[in-house]
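**Q** Let me begin by handing over the structure; questions about it come next.
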Amino acid sequence: MTLQKTPISVALLLGLCLASDAATAQTPLTFTDVFDFRTAKGTELSDNGQIMALSATPYRGDAEGQVYRVGAQSLIAKVERGTKAQINKSATWVAFTQVPSLLSSESASKDEKKKLKNNLVLVNTQDGALVQFDEVKDYQLSDDGKWLAYREDKEAKKDKSEAKSDAKNEEVSKALKADKKDSLLTLVLVDLTTNAQTRFDNVNSYGLSDKGLLWQQGSEDGASNQVLFHDFSTSQQSMLITEPGITVAQIAWHPTQALVAFTQGNYVNDDARRRNYHLTLWHADSNKLENIANQPGWFTAKTAKLSWSEQGERLYFGNAPQLAAKAPEYKYKDDQSLRDFDTIRAQKGLKVWHHQDPEIKPREIDQWQERNKNLQYQAVYHLNGTKVVQLTSPQLPSVELNKEARFLLAENDRPYLHEITYNGFYSDYYSLDSHTGKQQLIVKYSPFRPSLSPTGNYASYFADGEVWLKDLSKQKLKPLTKAIRQAIFADDQHDYPSPQPGYGFAGWMADGSAVLVYSKYDIWAFDVKSGKATRLTQGRETQTQYRVQQLDKDQVGFAKDETLFLSAHNLENKQTHVATLALNTGEVKTVLAGAAKFDVLKKAKHSDTLLFTKQHYHLFPDIQVTDSSFAKTAQITNLNPQTSQFAWGEKPELVQYKGYNGEDLQGVLIKPAGYQTGDKVPVVIYFYRYMTQRMYHFPAMELNHRPNFPMLTSNGYALFMPDIRFEIGHPGKSSTQTMINAAQKLIDIGVADPDNIALQGHSWSGYQSAFMITQTDMFKAVISGAPVSNMTSAYSGIRLGSGLARQFQYETGQSRIGKSLFEAPELYIENSPVFFADKVNTPILMMFGNKDDAVPYQEGIQYYLALRRAGKDVIFLEYEDEPHHLKKFPNQVDFSIRMLEYYNHHLKGMPAPQWMQTGEAYQEE
């Protein structure tokens, strides 16, 4: 076939031009457009750095599992509805949990939803082939990628021909009763090289390794329970334990040896909470079972987790003190029991609140699961030393566990639980030797977490405006930062009535010779012996804040020749770059820079492969790849190419203004798309405390209690996000004056239409916006979500989500009053908008969930009733069964639509919808 060249007509050229113009024309964002924006969830990078997997999840719709070949930046497989990606150690397979479609789950009844099942989809990373397994309850992949084990999420069919238990077992089974949450399901073992399958019935728990499969098999009556092993090298099965009622809760294979740890108990004790699960080791090569003796007075519970250190020299597990016998139950069982006081009173519903209780009852109840019912104290078994060391206890209940470290930071907050109510959170801190259990006090009654050296000889902490170093062996203390006046080590932006914090710690040298401390801008190294200080970065000169990026959470300390990755955030222009710090030479090198925010996400464990993102208001943070030289970069994902279709808004810019006390502050201004110099446009001010750090953030593409930023800026609104500062004792008036200054600056620079400026805030900024309109008529309308309106009533309320009293929030926390209600009632009244509702001339739309677990729902009702009584323009949106932030999708969409309608009417003069004119009458279907 011969192709002939023909001249292109003028009409065709014109058509192509018009088509091109149409393709590039940008349109305002709509609510349905928001549904399609995707985020990368559960991103995983293989140890060798060759494979990346994630779930591309739209705001509204079905997720898509994606697998990439990193070096080639190529997409090698997609998995419909794929979530929770897992890559096996050899990177031969990527596993996705395939969830039911959004339509099937949204349209299903409550009973139908219980019947919806997940599937398992494996992606072969060599050829991208998909292998699907239906109705999967749970699964495990072997490190070498040769084996898969999974349990089917369906009841096994009973074999009617199965022989009944013999008389002896039948008698035993009467004393056995399996736990309700233990499910006996069919386990399928798949040889992934041949696709051969082997099925095992009635499996409760299992553990897969490259060596073989260990599992606990049960029977309906528990009489035939056993523990078995399938050897991959011989294809033979062996019985490890056969014992009526035996149950295995946890299984953990050693990372390198043919050794497996598991916890075994027995249904003979039908009280699962008090059942002792023995820690057992099984040596596969020698077929040797070894029971690990626990410390006297301790037992291992069913909920205890098992985990090995990376090299397998330590096995970590949970322990609990022996519990007292279960109290007898009193039930009505005969006529006499109906008149028995003990039985009658046992049916009461009562909680006794006592002034000497360490915690108030709601907090005590909230903490019951963690501190009582499922109480677990950390223990460790040293494989080489063959000993158990109990690390934590009721006297030292918490430890910051690093499985590779010998010395651990332990914490005890129990002595100070009572004063959490009004004073905030304090703890005693200790160094804990994981080899011996030896404790050494670091600091008592501290609101700030110390940093412990890898050698356990020293600790550093912040107190009284300085960083201190403590020699733990000698219990000697010396200040590190007292003589350094050219740096700021105490947070100079702290405007709370509580102890001033420091900027924290970067870590330690691995040999414990120096601690790395943050000042406001820089990283400092302090020699532990001489106290000599070395400034490792030069951030003060450019107002750049350097911080170490910890990509390996298990890293114990820094090597002397290590190169650290740093974030470099400029506090003046808000750009966040990436830099490196070579510890052996002291060289600091900026490796990723520009008018954007850069973040290093992950580093491959066994290769020089790094993932990072670059973002700004118009650029979605797609994942990119580089190496530690950062010489070459390449983009891997392209999750939201549709962004360019929309009139997103103009480039964000910083606006300078004064705080209430004359302090220089900044805000981020985003003008509407197509803005022309001199235009005076309606402005929505969205705020909380500090907002300018969002200067280079891609906006969250979702609908919730916040305004969707591009929804505003692509529809004719300017968006302004100011930083707010507060005066202790007078948070309402100080934030109001700051906001007036900020808004006036927008008017002065000729951007804001002075008659069409609105406020939007939620929670703490919901309070501020609700208060501000009692002090000024500057704003055309306000949307206030979950505001406190009466500090005198909120002061003694309860945060239902945590069970904490709210008093500490006002005395030392966010509300910044600084005194108790009975010490300064006038301050609580001064800062409460409900007392000044008659001064309000600004229309306000309030939103609350009536199950708000942070701010009492009645706070909104109080303000609404006060404004209503005063004849003010107030609308109150009550969302049913919603907490502090809207969680239900229909409510999120509804509130987002109402927010825009409210702005459109008050700031643009568009007709008010009916709900704004006359409300909506209540009716039952």
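Going by the structure tokens order, chains are called A, B, ..., each with residues numbered from 1, while ligands are numbered from 1 in the order shown.
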List as number ranges by chain the protein and nucleic acid residues near range 700-715 of chain A, meaning an atom at most 7 Å away when only C-alpha atoms are counted, but skip any in the same chain fewer than 3 places from it.
**A** A: 28-30, 34, 37, 59, 647-649, 671-673, 718-719, 885-886, 892-893, 896
**Q** Can those selected residues be exported to a file as a short mmCIF file (atom, residue, chain, number, x, y, z; two decimals), in the first residue's frame so that it contains C-alpha atoms?
**A**
data_model
loop_
_atom_site.label_atom_id
_atom_site.label_comp_id
_atom_site.auth_asym_id
_atom_site.auth_seq_id
_atom_site.Cartn_x
_atom_site.Cartn_y
_atom_site.Cartn_z
CA PRO A 28 -14.26 25.62 37.15
CA LEU A 29 -14.04 22.65 39.46
CA THR A 30 -17.30 20.95 40.41
CA VAL A 34 -13.46 16.12 43.27
CA PHE A 37 -8.96 12.74 42.32
CA TYR A 59 -12.07 10.27 46.86
CA ALA A 647 -9.17 26.69 36.40
CA TRP A 648 -7.29 25.94 39.58
CA GLY A 649 -6.54 29.48 40.76
CA LYS A 671 -6.32 34.64 43.95
CA PRO A 672 -9.11 33.23 41.78
CA ALA A 673 -8.34 31.82 38.36
CA ALA A 718 -9.82 34.36 46.65
CA LEU A 719 -8.66 32.14 49.50
CA HIS A 885 -15.25 15.77 62.06
CA LEU A 886 -17.84 14.55 59.60
CA GLN A 892 -19.52 15.54 53.89
CA VAL A 893 -20.99 16.24 50.45
CA SER A 896 -19.68 21.13 51.27
#
**Q** Please provide the set of residues having any atom within 9 Å of Tyr696 in chain A, restricted to only C-alpha atoms, with same-chain residues fewer than 5 positions apart removed, written as a ChimeraX atom specification.
**A** /A:574-576,595-597,615-618,652
**Q** Name the residues of range 294-394 of chain A that come out as alpha helix (DSSP H) in a backbone DSSP run; write them as a PDB file with C-alpha atoms, in the first residue's frame.
**A**
ATOM      1  CA  PHE A 341     -29.401  -8.532  98.317  1.00  0.00           C
ATOM      2  CA  ASP A 342     -26.077  -9.592  96.768  1.00  0.00           C
ATOM      3  CA  THR A 343     -27.839 -10.926  93.680  1.00  0.00           C
ATOM      4  CA  ILE A 344     -30.151  -7.933  93.428  1.00  0.00           C
ATOM      5  CA  ARG A 345     -27.342  -5.396  93.782  1.00  0.00           C
ATOM      6  CA  ALA A 346     -25.197  -7.281  91.275  1.00  0.00           C
ATOM      7  CA  LYS A 361     -14.357   7.711  85.159  1.00  0.00           C
ATOM      8  CA  PRO A 362     -14.756   8.364  81.407  1.00  0.00           C
ATOM      9  CA  ARG A 363     -10.965   8.385  80.992  1.00  0.00           C
ATOM     10  CA  GLU A 364     -10.617   5.273  83.141  1.00  0.00           C
ATOM     11  CA  ILE A 365     -13.202   3.505  80.999  1.00  0.00           C
ATOM     12  CA  ASP A 366     -11.552   4.695  77.794  1.00  0.00           C
ATOM     13  CA  TRP A 368      -9.627   0.019  80.258  1.00  0.00           C
TER      14      TRP A 368
END
**Q** Which one of A:Pro358, A:Gly385, A:Gly766, A:Pro621 sits closest to Ile420 in chain A if you count only C-alpha atoms?
**A** A:Pro358
**Q** Using DSSP on the backbone, list every residue of range 809-868 of chain A that comes out as strand (DSSP E or B), and give them as a PDB file with N, CA and C atoms, in the first residue's frame.
**A**
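Everything below was put into out-v8.pdb:
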ATOM      1  N   ILE A 844     -24.274  33.897  60.546  1.00  0.00           N
ATOM      2  CA  ILE A 844     -23.387  32.786  60.899  1.00  0.00           C
ATOM      3  C   ILE A 844     -24.085  31.461  60.618  1.00  0.00           C
ATOM      4  N   LEU A 845     -23.334  30.555  60.007  1.00  0.00           N
ATOM      5  CA  LEU A 845     -23.767  29.177  59.777  1.00  0.00           C
ATOM      6  C   LEU A 845     -22.914  28.285  60.665  1.00  0.00           C
ATOM      7  N   MET A 846     -23.561  27.608  61.622  1.00  0.00           N
ATOM      8  CA  MET A 846     -22.837  26.703  62.513  1.00  0.00           C
ATOM      9  C   MET A 846     -23.099  25.254  62.128  1.00  0.00           C
ATOM     10  N   MET A 847     -22.102  24.415  62.320  1.00  0.00           N
ATOM     11  CA  MET A 847     -22.221  22.981  62.042  1.00  0.00           C
ATOM     12  C   MET A 847     -21.697  22.185  63.224  1.00  0.00           C
ATOM     13  N   PHE A 848     -22.455  21.162  63.617  1.00  0.00           N
ATOM     14  CA  PHE A 848     -22.032  20.249  64.675  1.00  0.00           C
ATOM     15  C   PHE A 848     -22.510  18.842  64.343  1.00  0.00           C
ATOM     16  N   GLY A 849     -21.718  17.860  64.711  1.00  0.00           N
ATOM     17  CA  GLY A 849     -22.206  16.495  64.777  1.00  0.00           C
ATOM     18  C   GLY A 849     -22.767  16.277  66.169  1.00  0.00           C
TER      19      GLY A 849
END
**Q** Given the choices A:Leu452, A:Val131, A:Ala463, A:Val528, which gets closest to Ala405 in chain A if the distance is worked out from only C-alpha atoms?
**A**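 Nearest candidate to Ala405 in chain A out of A:Leu452, A:Val131, A:Ala463, A:Val528: A:Leu452.
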**Q** With only C-alpha atoms as the counted atoms, please give the residues lying no more than 8 Å from range 428-444 of chain A, apart from itself and same-chain residues fewer than 2 positions off, as a list in words.
**A**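 Contacts, with the query itself left out: Val380, His382, Val389, Gln390, Leu391, Arg406, Phe407, Leu408, Leu409, Ala410, Glu411, Asn412, Asp413, Tyr426, Ser446, Arg449, Pro450, Leu452, Gly456, Ala459, Lys470 and Leu472 of chain A.
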**Q** Can those selected residues be exported to a file as a PDB file, in the first residue's frame so that it contains N, CA and C atoms?
**A**
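Output contents, as saved in part26.pdb:
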ATOM      1  N   VAL A 380      11.198  -9.635  76.806  1.00  0.00           N
ATOM      2  CA  VAL A 380      12.069 -10.063  75.721  1.00  0.00           C
ATOM      3  C   VAL A 380      12.762 -11.359  76.128  1.00  0.00           C
ATOM      4  N   HIS A 382      16.036 -13.545  75.234  1.00  0.00           N
ATOM      5  CA  HIS A 382      17.336 -13.500  74.569  1.00  0.00           C
ATOM      6  C   HIS A 382      17.719 -14.920  74.154  1.00  0.00           C
ATOM      7  N   VAL A 389      13.697 -11.410  80.047  1.00  0.00           N
ATOM      8  CA  VAL A 389      13.831 -10.177  80.823  1.00  0.00           C
ATOM      9  C   VAL A 389      12.499  -9.430  80.722  1.00  0.00           C
ATOM     10  N   GLN A 390      11.910  -9.161  81.872  1.00  0.00           N
ATOM     11  CA  GLN A 390      10.683  -8.394  81.907  1.00  0.00           C
ATOM     12  C   GLN A 390      11.043  -6.913  81.858  1.00  0.00           C
ATOM     13  N   LEU A 391      10.655  -6.239  80.764  1.00  0.00           N
ATOM     14  CA  LEU A 391      11.088  -4.862  80.546  1.00  0.00           C
ATOM     15  C   LEU A 391      10.179  -3.852  81.243  1.00  0.00           C
ATOM     16  N   ARG A 406      19.845  -1.909  72.503  1.00  0.00           N
ATOM     17  CA  ARG A 406      19.965  -2.530  73.810  1.00  0.00           C
ATOM     18  C   ARG A 406      19.300  -1.666  74.872  1.00  0.00           C
ATOM     19  N   PHE A 407      19.520  -0.376  74.802  1.00  0.00           N
ATOM     20  CA  PHE A 407      18.985   0.530  75.823  1.00  0.00           C
ATOM     21  C   PHE A 407      17.737   1.223  75.293  1.00  0.00           C
ATOM     22  N   LEU A 408      16.697   1.196  76.084  1.00  0.00           N
ATOM     23  CA  LEU A 408      15.393   1.681  75.678  1.00  0.00           C
ATOM     24  C   LEU A 408      14.924   2.793  76.609  1.00  0.00           C
ATOM     25  N   LEU A 409      14.110   3.676  76.057  1.00  0.00           N
ATOM     26  CA  LEU A 409      13.546   4.768  76.846  1.00  0.00           C
ATOM     27  C   LEU A 409      12.205   4.305  77.412  1.00  0.00           C
ATOM     28  N   ALA A 410      12.098   4.293  78.745  1.00  0.00           N
ATOM     29  CA  ALA A 410      10.882   3.853  79.416  1.00  0.00           C
ATOM     30  C   ALA A 410      10.217   5.033  80.109  1.00  0.00           C
ATOM     31  N   GLU A 411       8.901   4.917  80.291  1.00  0.00           N
ATOM     32  CA  GLU A 411       8.117   6.055  80.774  1.00  0.00           C
ATOM     33  C   GLU A 411       7.084   5.590  81.782  1.00  0.00           C
ATOM     34  N   ASN A 412       6.858   6.417  82.787  1.00  0.00           N
ATOM     35  CA  ASN A 412       5.806   6.154  83.764  1.00  0.00           C
ATOM     36  C   ASN A 412       5.015   7.439  83.999  1.00  0.00           C
ATOM     37  N   ASP A 413       3.760   7.441  83.563  1.00  0.00           N
ATOM     38  CA  ASP A 413       2.903   8.609  83.784  1.00  0.00           C
ATOM     39  C   ASP A 413       1.915   8.380  84.919  1.00  0.00           C
ATOM     40  N   TYR A 426       2.393  14.704  82.078  1.00  0.00           N
ATOM     41  CA  TYR A 426       3.748  14.642  82.626  1.00  0.00           C
ATOM     42  C   TYR A 426       4.111  13.177  82.862  1.00  0.00           C
ATOM     43  N   SER A 446       8.353  15.370  83.875  1.00  0.00           N
ATOM     44  CA  SER A 446       8.708  16.140  82.680  1.00  0.00           C
ATOM     45  C   SER A 446       7.578  16.074  81.659  1.00  0.00           C
ATOM     46  N   ARG A 449       9.695  14.552  76.208  1.00  0.00           N
ATOM     47  CA  ARG A 449      10.356  13.253  76.087  1.00  0.00           C
ATOM     48  C   ARG A 449      11.868  13.432  75.913  1.00  0.00           C
ATOM     49  N   PRO A 450      12.674  12.765  76.726  1.00  0.00           N
ATOM     50  CA  PRO A 450      14.129  12.842  76.565  1.00  0.00           C
ATOM     51  C   PRO A 450      14.614  12.025  75.374  1.00  0.00           C
ATOM     52  N   LEU A 452      17.727   9.184  74.525  1.00  0.00           N
ATOM     53  CA  LEU A 452      18.660   8.279  75.203  1.00  0.00           C
ATOM     54  C   LEU A 452      19.761   7.847  74.245  1.00  0.00           C
ATOM     55  N   GLY A 456      23.493   3.863  76.326  1.00  0.00           N
ATOM     56  CA  GLY A 456      22.830   3.903  77.616  1.00  0.00           C
ATOM     57  C   GLY A 456      23.565   4.691  78.673  1.00  0.00           C
ATOM     58  N   ALA A 459      21.780  10.620  78.639  1.00  0.00           N
ATOM     59  CA  ALA A 459      20.475  11.027  78.129  1.00  0.00           C
ATOM     60  C   ALA A 459      20.464  12.542  78.064  1.00  0.00           C
ATOM     61  N   LYS A 470      22.668  14.351  80.832  1.00  0.00           N
ATOM     62  CA  LYS A 470      22.793  13.639  82.097  1.00  0.00           C
ATOM     63  C   LYS A 470      23.668  12.407  81.917  1.00  0.00           C
ATOM     64  N   LEU A 472      24.272   9.092  83.155  1.00  0.00           N
ATOM     65  CA  LEU A 472      23.403   8.217  83.937  1.00  0.00           C
ATOM     66  C   LEU A 472      24.165   7.369  84.945  1.00  0.00           C
TER      67      LEU A 472
END
**Q** Find the nearest atom pair between each residue of range 452-559 of chain A and range 807-816 of chain A for residues within 12 Å, count only C-alpha atoms, give distances in Å to one decimal, sort rows by chain and ascending number, and present the table as a tab-separated table.
**A**
residue	atom	partner	partner_atom	distance
A:His494	CA	A:Gln814	CA	10.9
A:Asp495	CA	A:Arg816	CA	7.9
A:Tyr496	CA	A:Arg816	CA	5.5
A:Pro497	CA	A:Thr812	CA	4.9
A:Ser498	CA	A:Thr812	CA	5.2
A:Pro499	CA	A:Thr812	CA	8.8
A:Gln500	CA	A:Thr812	CA	11.2
**Q** Output N, CA and C atoms for every residue in the selection just made, as a PDB file, in the first residue's frame.
**A**
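Generated file (part-v7.pdb):
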ATOM      1  N   HIS A 494       5.984  29.624  71.024  1.00  0.00           N
ATOM      2  CA  HIS A 494       5.103  28.989  72.000  1.00  0.00           C
ATOM      3  C   HIS A 494       4.273  30.050  72.714  1.00  0.00           C
ATOM      4  N   ASP A 495       2.961  30.057  72.461  1.00  0.00           N
ATOM      5  CA  ASP A 495       2.092  31.050  73.088  1.00  0.00           C
ATOM      6  C   ASP A 495       1.010  30.370  73.933  1.00  0.00           C
ATOM      7  N   TYR A 496       1.435  29.368  74.687  1.00  0.00           N
ATOM      8  CA  TYR A 496       0.558  28.639  75.599  1.00  0.00           C
ATOM      9  C   TYR A 496       0.971  28.925  77.043  1.00  0.00           C
ATOM     10  N   PRO A 497       0.031  28.832  77.978  1.00  0.00           N
ATOM     11  CA  PRO A 497       0.376  28.979  79.407  1.00  0.00           C
ATOM     12  C   PRO A 497       0.901  27.663  79.978  1.00  0.00           C
ATOM     13  N   SER A 498       1.976  27.163  79.404  1.00  0.00           N
ATOM     14  CA  SER A 498       2.575  25.887  79.802  1.00  0.00           C
ATOM     15  C   SER A 498       4.074  25.982  79.565  1.00  0.00           C
ATOM     16  N   PRO A 499       4.853  25.027  80.102  1.00  0.00           N
ATOM     17  CA  PRO A 499       6.312  25.100  79.936  1.00  0.00           C
ATOM     18  C   PRO A 499       6.715  25.189  78.466  1.00  0.00           C
ATOM     19  N   GLN A 500       7.675  26.063  78.210  1.00  0.00           N
ATOM     20  CA  GLN A 500       8.156  26.276  76.845  1.00  0.00           C
ATOM     21  C   GLN A 500       8.963  25.063  76.395  1.00  0.00           C
TER      22      GLN A 500
END
**Q** Provide the CA of Val578 in chain A to CA of Ile670 in chain A distance in Å, to one decimal place.
**A**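 Value for the CA of Val578 in chain A-CA of Ile670 in chain A distance: 25.2 Å.
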**Q** Counting only C-alpha atoms, what is within 6 Å of range 555-570 of chain A, bar same-chain residues fewer than 5 positions away, as a list of chain:residue names?
**A**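 My reading of the contact set: A:Ala405, A:Trp508, A:Met509, A:Ala510, A:Gln543, A:Thr544, A:Gln545, A:Tyr546, A:Arg547, A:Val548, A:Gln549, A:Gln575, A:Thr576, A:His577, A:Val578, A:Ala579, A:Thr580, A:Leu581, A:Ala582, A:Leu583, A:Asn584.
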**Q** In terms of the shortest atom-to-atom distance over only C-alpha atoms, which of A:Asp838, A:Glu313, A:Glu135, A:Glu220 is closest to Leu116 in chain A?
**A**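 With only C-alpha atoms as the atom set, the closest residue is A:Glu135.
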